[in-house]
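Visitor: File input_5.cif follows (mmCIF, C-alpha atoms; chains and numbers go by the auth columns):
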```cif
data_query
loop_
_atom_site.group_PDB
_atom_site.id
_atom_site.type_symbol
_atom_site.label_atom_id
_atom_site.label_comp_id
_atom_site.label_asym_id
_atom_site.label_seq_id
_atom_site.Cartn_x
_atom_site.Cartn_y
_atom_site.Cartn_z
_atom_site.B_iso_or_equiv
_atom_site.auth_seq_id
_atom_site.auth_asym_id
ATOM 1 C CA MET A 1 20.186 2.717 -8.733 0.00 1 A
ATOM 2 C CA LEU A 2 20.728 1.938 -5.068 0.00 2 A
ATOM 3 C CA ASP A 3 23.676 -0.263 -6.056 0.00 3 A
ATOM 4 C CA PHE A 4 25.412 2.670 -7.784 0.00 4 A
ATOM 5 C CA SER A 5 24.947 5.517 -5.339 0.00 5 A
ATOM 6 C CA ASN A 6 23.084 6.874 -2.334 0.00 6 A
ATOM 7 C CA ALA A 7 22.289 10.088 -4.226 0.00 7 A
ATOM 8 C CA PRO A 8 18.625 11.203 -4.227 0.00 8 A
ATOM 9 C CA ILE A 9 16.321 9.190 -6.489 0.00 9 A
ATOM 10 C CA GLU A 10 13.461 10.840 -8.356 0.00 10 A
ATOM 11 C CA ILE A 11 10.274 8.901 -9.083 0.00 11 A
ATOM 12 C CA HIS A 12 8.246 10.349 -11.965 0.00 12 A
ATOM 13 C CA MET A 13 4.877 8.622 -12.006 0.00 13 A
ATOM 14 C CA ARG A 14 1.510 8.604 -13.706 0.00 14 A
ATOM 15 C CA SER A 15 -0.554 5.533 -13.010 0.00 15 A
ATOM 16 C CA TRP A 16 -4.084 4.141 -12.730 0.00 16 A
ATOM 17 C CA GLY A 17 -2.736 1.997 -9.874 0.00 17 A
ATOM 18 C CA GLY A 18 -2.166 -1.734 -9.851 0.00 18 A
ATOM 19 C CA SER A 19 -1.259 -4.617 -7.588 0.00 19 A
ATOM 20 C CA PRO A 20 -1.347 -3.532 -3.918 0.00 20 A
ATOM 21 C CA HIS A 21 1.178 -6.263 -3.127 0.00 21 A
ATOM 22 C CA ASP A 22 3.735 -4.944 -5.613 0.00 22 A
ATOM 23 C CA MET A 23 3.006 -1.408 -4.426 0.00 23 A
ATOM 24 C CA LEU A 24 3.839 -2.395 -0.851 0.00 24 A
ATOM 25 C CA ALA A 25 7.068 -4.041 -2.022 0.00 25 A
ATOM 26 C CA LEU A 26 8.150 -0.720 -3.554 0.00 26 A
ATOM 27 C CA TYR A 27 6.900 1.229 -0.520 0.00 27 A
ATOM 28 C CA ASP A 28 8.995 -0.983 1.753 0.00 28 A
ATOM 29 C CA MET A 29 12.090 -0.569 -0.431 0.00 29 A
ATOM 30 C CA ILE A 30 11.732 3.220 -0.210 0.00 30 A
ATOM 31 C CA GLN A 31 11.476 3.114 3.589 0.00 31 A
ATOM 32 C CA GLU A 32 14.411 0.678 3.862 0.00 32 A
ATOM 33 C CA SER A 33 16.658 2.803 1.654 0.00 33 A
ATOM 34 C CA SER A 34 19.438 5.043 2.924 0.00 34 A
ATOM 35 C CA CYS A 35 18.856 7.642 0.199 0.00 35 A
ATOM 36 C CA LYS A 36 16.278 10.381 -0.344 0.00 36 A
ATOM 37 C CA PHE A 37 13.271 9.785 -2.626 0.00 37 A
ATOM 38 C CA ILE A 38 11.647 12.718 -4.450 0.00 38 A
ATOM 39 C CA PHE A 39 8.253 12.066 -6.031 0.00 39 A
ATOM 40 C CA TYR A 40 6.849 13.880 -9.078 0.00 40 A
ATOM 41 C CA GLY A 41 3.329 12.980 -10.173 0.00 41 A
ATOM 42 C CA ARG A 42 1.513 14.032 -13.315 0.00 42 A
ATOM 43 C CA GLY A 43 -1.673 13.203 -15.183 0.00 43 A
ATOM 44 C CA LYS A 44 -3.206 10.515 -12.989 0.00 44 A
ATOM 45 C CA LEU A 45 -2.259 9.171 -9.556 0.00 45 A
ATOM 46 C CA MET A 46 -4.798 6.624 -8.475 0.00 46 A
ATOM 47 C CA SER A 47 -5.183 3.686 -6.116 0.00 47 A
ATOM 48 C CA ALA A 48 -1.825 1.963 -5.489 0.00 48 A
ATOM 49 C CA ALA A 49 0.098 4.955 -6.905 0.00 49 A
ATOM 50 C CA THR A 50 -1.105 7.167 -4.031 0.00 50 A
ATOM 51 C CA TRP A 51 0.656 5.087 -1.384 0.00 51 A
ATOM 52 C CA ILE A 52 3.940 5.393 -3.288 0.00 52 A
ATOM 53 C CA MET A 53 3.306 9.130 -3.581 0.00 53 A
ATOM 54 C CA CYS A 54 2.660 9.746 0.100 0.00 54 A
ATOM 55 C CA GLY A 55 5.543 7.521 1.251 0.00 55 A
ATOM 56 C CA CYS A 56 8.331 9.484 -0.469 0.00 56 A
ATOM 57 C CA ASP A 57 10.474 12.084 1.286 0.00 57 A
ATOM 58 C CA GLU A 58 9.497 15.017 -0.943 0.00 58 A
ATOM 59 C CA ARG A 59 6.254 14.941 -2.917 0.00 59 A
ATOM 60 C CA TYR A 60 5.171 17.169 -5.788 0.00 60 A
ATOM 61 C CA VAL A 61 2.408 16.896 -8.366 0.00 61 A
ATOM 62 C CA SER A 62 1.515 18.997 -11.393 0.00 62 A
ATOM 63 C CA LYS A 63 -1.443 21.354 -11.463 0.00 63 A
ATOM 64 C CA HIS A 64 -3.939 19.198 -13.373 0.00 64 A
ATOM 65 C CA THR A 65 -3.149 15.829 -11.816 0.00 65 A
ATOM 66 C CA ARG A 66 -6.167 13.650 -10.963 0.00 66 A
ATOM 67 C CA ILE A 67 -5.686 11.950 -7.603 0.00 67 A
ATOM 68 C CA MET A 68 -7.956 9.111 -6.489 0.00 68 A
ATOM 69 C CA LEU A 69 -7.788 7.417 -3.097 0.00 69 A
ATOM 70 C CA HIS A 70 -9.684 4.314 -2.049 0.00 70 A
ATOM 71 C CA ASP A 71 -9.311 1.140 -0.046 0.00 71 A
ATOM 72 C CA GLY A 72 -7.053 -1.654 -1.227 0.00 72 A
ATOM 73 C CA ASN A 73 -8.877 -4.257 -3.251 0.00 73 A
ATOM 74 C CA ASP A 74 -8.195 -7.485 -5.045 0.00 74 A
ATOM 75 C CA GLU A 75 -10.307 -9.954 -6.994 0.00 75 A
ATOM 76 C CA PHE A 76 -11.306 -13.167 -5.276 0.00 76 A
ATOM 77 C CA MET A 77 -13.150 -16.238 -6.428 0.00 77 A
ATOM 78 C CA GLY A 78 -13.373 -19.354 -4.286 0.00 78 A
ATOM 79 C CA LYS A 79 -15.313 -21.416 -1.771 0.00 79 A
ATOM 80 C CA GLN A 80 -17.380 -19.904 1.041 0.00 80 A
ATOM 81 C CA THR A 81 -14.872 -20.799 3.777 0.00 81 A
ATOM 82 C CA ASP A 82 -12.029 -19.443 1.663 0.00 82 A
ATOM 83 C CA PHE A 83 -14.021 -16.244 1.174 0.00 83 A
ATOM 84 C CA GLN A 84 -14.342 -15.807 4.943 0.00 84 A
ATOM 85 C CA ILE A 85 -10.587 -16.294 5.357 0.00 85 A
ATOM 86 C CA TYR A 86 -9.972 -13.844 2.546 0.00 86 A
ATOM 87 C CA ALA A 87 -12.320 -11.279 4.137 0.00 87 A
ATOM 88 C CA ASP A 88 -10.472 -11.493 7.472 0.00 88 A
ATOM 89 C CA GLU A 89 -7.134 -11.020 5.722 0.00 89 A
ATOM 90 C CA GLY A 90 -8.609 -8.157 3.696 0.00 90 A
ATOM 91 C CA ALA A 91 -9.619 -6.346 6.883 0.00 91 A
ATOM 92 C CA ARG A 92 -6.091 -6.701 8.296 0.00 92 A
ATOM 93 C CA TYR A 93 -4.673 -5.567 4.986 0.00 93 A
ATOM 94 C CA GLN A 94 -6.883 -2.470 4.884 0.00 94 A
ATOM 95 C CA THR A 95 -5.846 -1.546 8.413 0.00 95 A
ATOM 96 C CA MET A 96 -2.220 -1.601 7.272 0.00 96 A
ATOM 97 C CA LEU A 97 -2.938 0.534 4.195 0.00 97 A
ATOM 98 C CA ASN A 98 -4.876 3.143 6.179 0.00 98 A
ATOM 99 C CA GLU A 99 -2.049 3.319 8.706 0.00 99 A
ATOM 100 C CA ILE A 100 0.306 4.202 5.834 0.00 100 A
ATOM 101 C CA TYR A 101 -1.976 7.067 4.795 0.00 101 A
ATOM 102 C CA ALA A 102 -2.132 8.224 8.415 0.00 102 A
ATOM 103 C CA GLU A 103 1.650 8.098 8.886 0.00 103 A
ATOM 104 C CA ASN A 104 2.182 10.263 5.800 0.00 104 A
ATOM 105 C CA SER A 105 -0.555 12.898 6.193 0.00 105 A
ATOM 106 C CA PHE A 106 -2.179 15.241 8.712 0.00 106 A
ATOM 107 C CA TYR A 107 -5.120 12.942 9.382 0.00 107 A
ATOM 108 C CA PRO A 108 -5.420 9.948 11.736 0.00 108 A
ATOM 109 C CA LYS A 109 -6.280 6.401 10.746 0.00 109 A
ATOM 110 C CA LYS A 110 -9.916 6.886 11.797 0.00 110 A
ATOM 111 C CA PHE A 111 -10.299 9.514 9.061 0.00 111 A
ATOM 112 C CA TRP A 112 -8.922 7.163 6.415 0.00 112 A
ATOM 113 C CA ASP A 113 -11.072 4.273 7.671 0.00 113 A
ATOM 114 C CA ASN A 114 -14.138 6.315 6.757 0.00 114 A
ATOM 115 C CA PHE A 115 -13.077 8.349 3.728 0.00 115 A
ATOM 116 C CA VAL A 116 -11.520 5.669 1.520 0.00 116 A
ATOM 117 C CA ARG A 117 -14.454 3.267 1.602 0.00 117 A
ATOM 118 C CA ARG A 118 -15.419 4.706 -1.778 0.00 118 A
ATOM 119 C CA ASP A 119 -13.374 6.203 -4.604 0.00 119 A
ATOM 120 C CA LEU A 120 -12.339 9.629 -3.270 0.00 120 A
ATOM 121 C CA TYR A 121 -11.136 12.084 -5.932 0.00 121 A
ATOM 122 C CA ILE A 122 -9.125 15.024 -4.598 0.00 122 A
ATOM 123 C CA THR A 123 -7.407 17.979 -6.240 0.00 123 A
ATOM 124 C CA PRO A 124 -3.673 18.697 -5.880 0.00 124 A
ATOM 125 C CA GLU A 125 -4.601 21.700 -3.710 0.00 125 A
ATOM 126 C CA GLU A 126 -6.573 19.414 -1.382 0.00 126 A
ATOM 127 C CA ALA A 127 -3.688 16.923 -1.321 0.00 127 A
ATOM 128 C CA VAL A 128 -1.404 19.701 -0.036 0.00 128 A
ATOM 129 C CA LYS A 129 -3.909 20.630 2.690 0.00 129 A
ATOM 130 C CA MET A 130 -4.162 16.960 3.697 0.00 130 A
ATOM 131 C CA GLY A 131 -0.387 16.639 3.974 0.00 131 A
ATOM 132 C CA LEU A 132 -0.138 13.999 1.251 0.00 132 A
ATOM 133 C CA ILE A 133 2.186 16.154 -0.865 0.00 133 A
ATOM 134 C CA GLU A 134 4.398 19.189 -0.292 0.00 134 A
ATOM 135 C CA ASN A 135 3.639 21.364 -3.261 0.00 135 A
ATOM 136 C CA ILE A 136 2.161 21.762 -6.712 0.00 136 A
ATOM 137 C CA ILE A 137 4.751 22.054 -9.480 0.00 137 A
ATOM 138 C CA PRO A 138 4.601 25.730 -10.572 0.00 138 A
ATOM 139 C CA TYR A 139 4.267 26.900 -14.134 0.00 139 A
ATOM 140 C CA LYS A 140 6.985 28.913 -15.828 0.00 140 A
ATOM 141 C CA LYS A 141 6.124 32.100 -17.653 0.00 141 A
ATOM 142 C CA ARG A 142 6.333 31.108 -21.319 0.00 142 A
ATOM 143 C CA GLY A 143 6.861 34.523 -22.883 0.00 143 A
ATOM 144 C CA ASN A 144 10.495 34.047 -23.952 0.00 144 A
ATOM 145 C CA PHE A 145 9.537 30.819 -25.717 0.00 145 A
ATOM 146 C CA ARG A 146 6.541 32.327 -27.475 0.00 146 A
ATOM 147 C CA ARG A 147 7.851 35.174 -29.564 0.00 147 A
ATOM 148 C CA THR A 148 6.826 33.392 -32.775 0.00 148 A
ATOM 149 C CA ARG A 149 3.414 32.562 -31.341 0.00 149 A
ATOM 150 C CA ALA A 150 2.984 36.231 -30.403 0.00 150 A
ATOM 151 C CA ARG A 151 2.767 37.058 -34.104 0.00 151 A
ATOM 152 C CA THR A 152 -0.240 34.726 -34.356 0.00 152 A
ATOM 153 C CA PHE A 153 -2.128 36.589 -31.640 0.00 153 A
ATOM 154 C CA ALA A 154 -1.190 39.926 -33.141 0.00 154 A
ATOM 155 C CA ASN A 155 -3.465 39.126 -36.100 0.00 155 A
ATOM 156 C CA VAL A 156 -6.860 39.337 -34.406 0.00 156 A
ATOM 157 C CA PRO A 157 -9.674 37.901 -36.584 0.00 157 A
ATOM 158 C CA THR A 158 -12.565 40.181 -37.476 0.00 158 A
ATOM 159 C CA LYS A 159 -15.958 39.761 -35.812 0.00 159 A
ATOM 160 C CA THR A 160 -17.409 38.655 -39.149 0.00 160 A
ATOM 161 C CA ALA A 161 -14.771 35.958 -39.584 0.00 161 A
ATOM 162 C CA VAL A 162 -15.296 34.731 -36.034 0.00 162 A
ATOM 163 C CA LYS A 163 -19.079 34.569 -36.458 0.00 163 A
ATOM 164 C CA ARG A 164 -18.766 32.719 -39.774 0.00 164 A
ATOM 165 C CA LEU A 165 -16.380 30.099 -38.322 0.00 165 A
ATOM 166 C CA ILE A 166 -18.377 29.595 -35.102 0.00 166 A
ATOM 167 C CA ASN A 167 -21.617 29.020 -37.009 0.00 167 A
ATOM 168 C CA LYS A 168 -19.870 26.594 -39.370 0.00 168 A
ATOM 169 C CA LEU A 169 -18.459 24.582 -36.453 0.00 169 A
ATOM 170 C CA GLY A 170 -21.781 24.742 -34.613 0.00 170 A
ATOM 171 C CA ARG A 171 -23.683 23.270 -37.543 0.00 171 A
ATOM 172 C CA ARG A 172 -21.127 20.469 -37.706 0.00 172 A
ATOM 173 C CA ILE A 173 -22.130 19.351 -34.191 0.00 173 A
ATOM 174 C CA LYS A 174 -25.828 20.224 -34.593 0.00 174 A
ATOM 175 C CA LEU A 175 -25.897 23.443 -32.567 0.00 175 A
ATOM 176 C CA PRO A 176 -28.215 26.338 -33.452 0.00 176 A
ATOM 177 C CA ASP A 177 -26.940 29.254 -35.535 0.00 177 A
ATOM 178 C CA ASN A 178 -26.109 32.703 -34.210 0.00 178 A
ATOM 179 C CA ILE A 179 -23.907 31.579 -31.305 0.00 179 A
ATOM 180 C CA VAL A 180 -22.024 34.575 -29.911 0.00 180 A
ATOM 181 C CA VAL A 181 -18.353 34.097 -28.975 0.00 181 A
ATOM 182 C CA ASP A 182 -16.021 36.900 -27.905 0.00 182 A
ATOM 183 C CA VAL A 183 -12.407 36.681 -29.031 0.00 183 A
ATOM 184 C CA ARG A 184 -9.886 36.491 -26.196 0.00 184 A
ATOM 185 C CA ILE A 185 -6.222 37.249 -26.867 0.00 185 A
ATOM 186 C CA PRO A 186 -3.787 35.453 -24.499 0.00 186 A
ATOM 187 C CA LYS A 187 -1.294 37.787 -22.864 0.00 187 A
ATOM 188 C CA ASP A 188 2.108 36.154 -22.421 0.00 188 A
ATOM 189 C CA GLN A 189 4.337 37.310 -19.565 0.00 189 A
ATOM 190 C CA PHE A 190 8.096 37.435 -19.918 0.00 190 A
ATOM 191 C CA GLU A 191 10.818 36.349 -17.535 0.00 191 A
ATOM 192 C CA LYS A 192 14.319 34.944 -17.785 0.00 192 A
ATOM 193 C CA ILE A 193 14.044 31.159 -17.989 0.00 193 A
ATOM 194 C CA ASP A 194 16.982 28.819 -17.505 0.00 194 A
ATOM 195 C CA ASN A 195 16.651 25.572 -19.420 0.00 195 A
ATOM 196 C CA TYR A 196 16.631 22.536 -17.124 0.00 196 A
ATOM 197 C CA ASN A 197 19.105 19.827 -18.076 0.00 197 A
ATOM 198 C CA ASN A 198 20.809 17.573 -15.551 0.00 198 A
ATOM 199 C CA THR A 199 21.927 14.918 -18.043 0.00 199 A
ATOM 200 C CA GLU A 200 25.654 15.676 -17.733 0.00 200 A
ATOM 201 C CA LYS A 201 25.442 15.804 -13.953 0.00 201 A
ATOM 202 C CA GLU A 202 23.687 12.439 -13.766 0.00 202 A
ATOM 203 C CA GLU A 203 26.135 10.877 -16.208 0.00 203 A
ATOM 204 C CA ASN A 204 29.060 12.054 -14.063 0.00 204 A
ATOM 205 C CA LEU A 205 27.466 10.575 -10.945 0.00 205 A
ATOM 206 C CA LEU A 206 27.010 7.227 -12.688 0.00 206 A
ATOM 207 C CA LYS A 207 30.583 7.278 -13.975 0.00 207 A
ATOM 208 C CA GLU A 208 31.923 8.033 -10.501 0.00 208 A
ATOM 209 C CA ALA A 209 29.850 5.206 -9.013 0.00 209 A
ATOM 210 C CA ALA A 210 31.026 2.792 -11.726 0.00 210 A
ATOM 211 C CA ASN A 211 34.650 3.774 -11.121 0.00 211 A
ATOM 212 C CA GLU A 212 34.252 3.154 -7.399 0.00 212 A
ATOM 213 C CA ILE A 213 32.870 -0.323 -8.093 0.00 213 A
ATOM 214 C CA GLU A 214 35.743 -1.129 -10.476 0.00 214 A
ATOM 215 C CA HIS A 215 38.269 0.173 -7.955 0.00 215 A
ATOM 216 C CA LYS A 216 36.720 -2.005 -5.264 0.00 216 A
ATOM 217 C CA LYS A 217 36.895 -5.057 -7.521 0.00 217 A
ATOM 218 C CA ASP A 218 40.569 -4.367 -8.302 0.00 218 A
ATOM 219 C CA SER A 219 41.334 -4.038 -4.598 0.00 219 A
ATOM 220 C CA GLU A 220 39.712 -7.388 -3.892 0.00 220 A
#
```
What would you get if you wrote out this structure as structure tokens?

Guide:
Amino acid sequence: MLDFSNAPIEIHMRSWGGSPHDMLALYDMIQESSCKFIFYGRGKLMSAATWIMCGCDERYVSKHTRIMLHDGNDEFMGKQTDFQIYADEGARYQTMLNEIYAENSFYPKKFWDNFVRRDLYITPEEAVKMGLIENIIPYKKRGNFRRTRARTFANVPTKTAVKRLINKLGRRIKLPDNIVVDVRIPKDQFEKIDNYNNTEKEENLLKEAANEIEHKKDSE
């Protein structure tokens, strides 16, 4: 993508993490680049993924994303002397990783030295307060999309039908009878929603970049 254009690049990620070495290679490429990187995270952002997240120029995650921070780790098996060498390198490595957190958040390295010694799970709201991301991706009101679904919720089941179904399901998972459940009807809100589609725009950018490359080759 960098070869085609210096237009902003979006990273859409969900990841358990992975190799810290490969993560740092991507982190370095982002910092070396002359274009803007916009990060969107969803589902899970853990371990190595969090350094990529915090290192981008704009950072957004969805409401129910699980974020887990911890120290960098790698498996090691070897001789005692090799283990000592590995431990020294690991300490230097962790210093570097905590400095990256510090450079991309509100908190100094000393904070990260202490708080990522164990797996630290944080919410998207906490990530915003820590300065690791800019915002949580907002929901759209779904009313205009749910006119058919509205007919479903217009047919409210009777109390007898609800009780019969709840007891049937309860027995299936070995719960006692006579469980009381109140029916709740979702209330959809309506607003004008513009469908998001940048496919044509992106295709035009790629075509323009390809034409520039061909023109350059012809000139040479």

Visitor: Can you measure CA of Ser5 (chain A) to CA of Ile137 (chain A) for me? One decimal in Å is fine.

Guide: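 Computed distance, CA of Ser5 (chain A) to CA of Ile137 (chain A), equals 26.4 Å.
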
Visitor: Give the answer as one residue: which of A:Gly55, A:Pro157, A:Pro124, A:Gly17 has the shortest atom-to-atom distance to Tyr101 (chain A), using all atoms listed in the file?

Guide: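 Ranked by minimum distance to Tyr101 (chain A), first place goes to A:Gly55.
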
Visitor: From the options A:Met130, A:Met23, A:Val156, A:Cys56, which residue's atoms come nearest to Pro8 (chain A), counting all atoms listed in the file?

Guide: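 Comparing A:Met130, A:Met23, A:Val156, A:Cys56 against Pro8 (chain A), the winner is A:Cys56.
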
Visitor: Evaluating the PyMOL selection byres ((chain A and resi 105) around 8) on the displayed file yields which residues, as a list in words?

Guide: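 Applied to this file, the PyMOL selection byres ((chain A and resi 105) around 8) returns Cys54, Tyr101, Ala102, Glu103, Asn104, Phe106, Tyr107, Pro108, Met130, Gly131 and Leu132 of chain A.
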
Visitor: For a test of reading the model, state the distance in Å between CA of Ala48 (chain A) and CA of Tyr27 (chain A), rounded to one decimal.

Guide: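 Taking CA of Ala48 (chain A) and CA of Tyr27 (chain A), their separation equals 10.1 Å.
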
Visitor: Take CA of Asp71 (chain A) and CA of Met13 (chain A) and report the distance between them in Å, one decimal.

Guide: 20.0 Å

Visitor: Please provide as a list in words all residues within 10 Å of Pro138 (chain A), with the sequence filter that same-chain residues fewer than 4 positions apart are discarded (counting only C-alpha atoms).

Guide: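 In the requested format, the answer is Tyr60, Val61, Ser62 and Lys63 of chain A.
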
Visitor: List, as a PyMOL selection string, every residue that the PyMOL selection byres ((chain A and resi 94) around 10) selects in the file provided.

Guide: chain A and resi 71-73+89-93+95-100+112-113+116

Visitor: Could you turn the residues from that selection into a file that holds C-alpha atoms, as a PDB file, in the coordinates of the input?

Guide:
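What landed in selection27.pdb:
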```pdb
ATOM      1  CA  ASP A  71      -9.311   1.140  -0.046  1.00  0.00           C
ATOM      2  CA  GLY A  72      -7.053  -1.654  -1.227  1.00  0.00           C
ATOM      3  CA  ASN A  73      -8.877  -4.257  -3.251  1.00  0.00           C
ATOM      4  CA  GLU A  89      -7.134 -11.020   5.722  1.00  0.00           C
ATOM      5  CA  GLY A  90      -8.609  -8.157   3.696  1.00  0.00           C
ATOM      6  CA  ALA A  91      -9.619  -6.346   6.883  1.00  0.00           C
ATOM      7  CA  ARG A  92      -6.091  -6.701   8.296  1.00  0.00           C
ATOM      8  CA  TYR A  93      -4.673  -5.567   4.986  1.00  0.00           C
ATOM      9  CA  THR A  95      -5.846  -1.546   8.413  1.00  0.00           C
ATOM     10  CA  MET A  96      -2.220  -1.601   7.272  1.00  0.00           C
ATOM     11  CA  LEU A  97      -2.938   0.534   4.195  1.00  0.00           C
ATOM     12  CA  ASN A  98      -4.876   3.143   6.179  1.00  0.00           C
ATOM     13  CA  GLU A  99      -2.049   3.319   8.706  1.00  0.00           C
ATOM     14  CA  ILE A 100       0.306   4.202   5.834  1.00  0.00           C
ATOM     15  CA  TRP A 112      -8.922   7.163   6.415  1.00  0.00           C
ATOM     16  CA  ASP A 113     -11.072   4.273   7.671  1.00  0.00           C
ATOM     17  CA  VAL A 116     -11.520   5.669   1.520  1.00  0.00           C
TER      18      VAL A 116
END
```
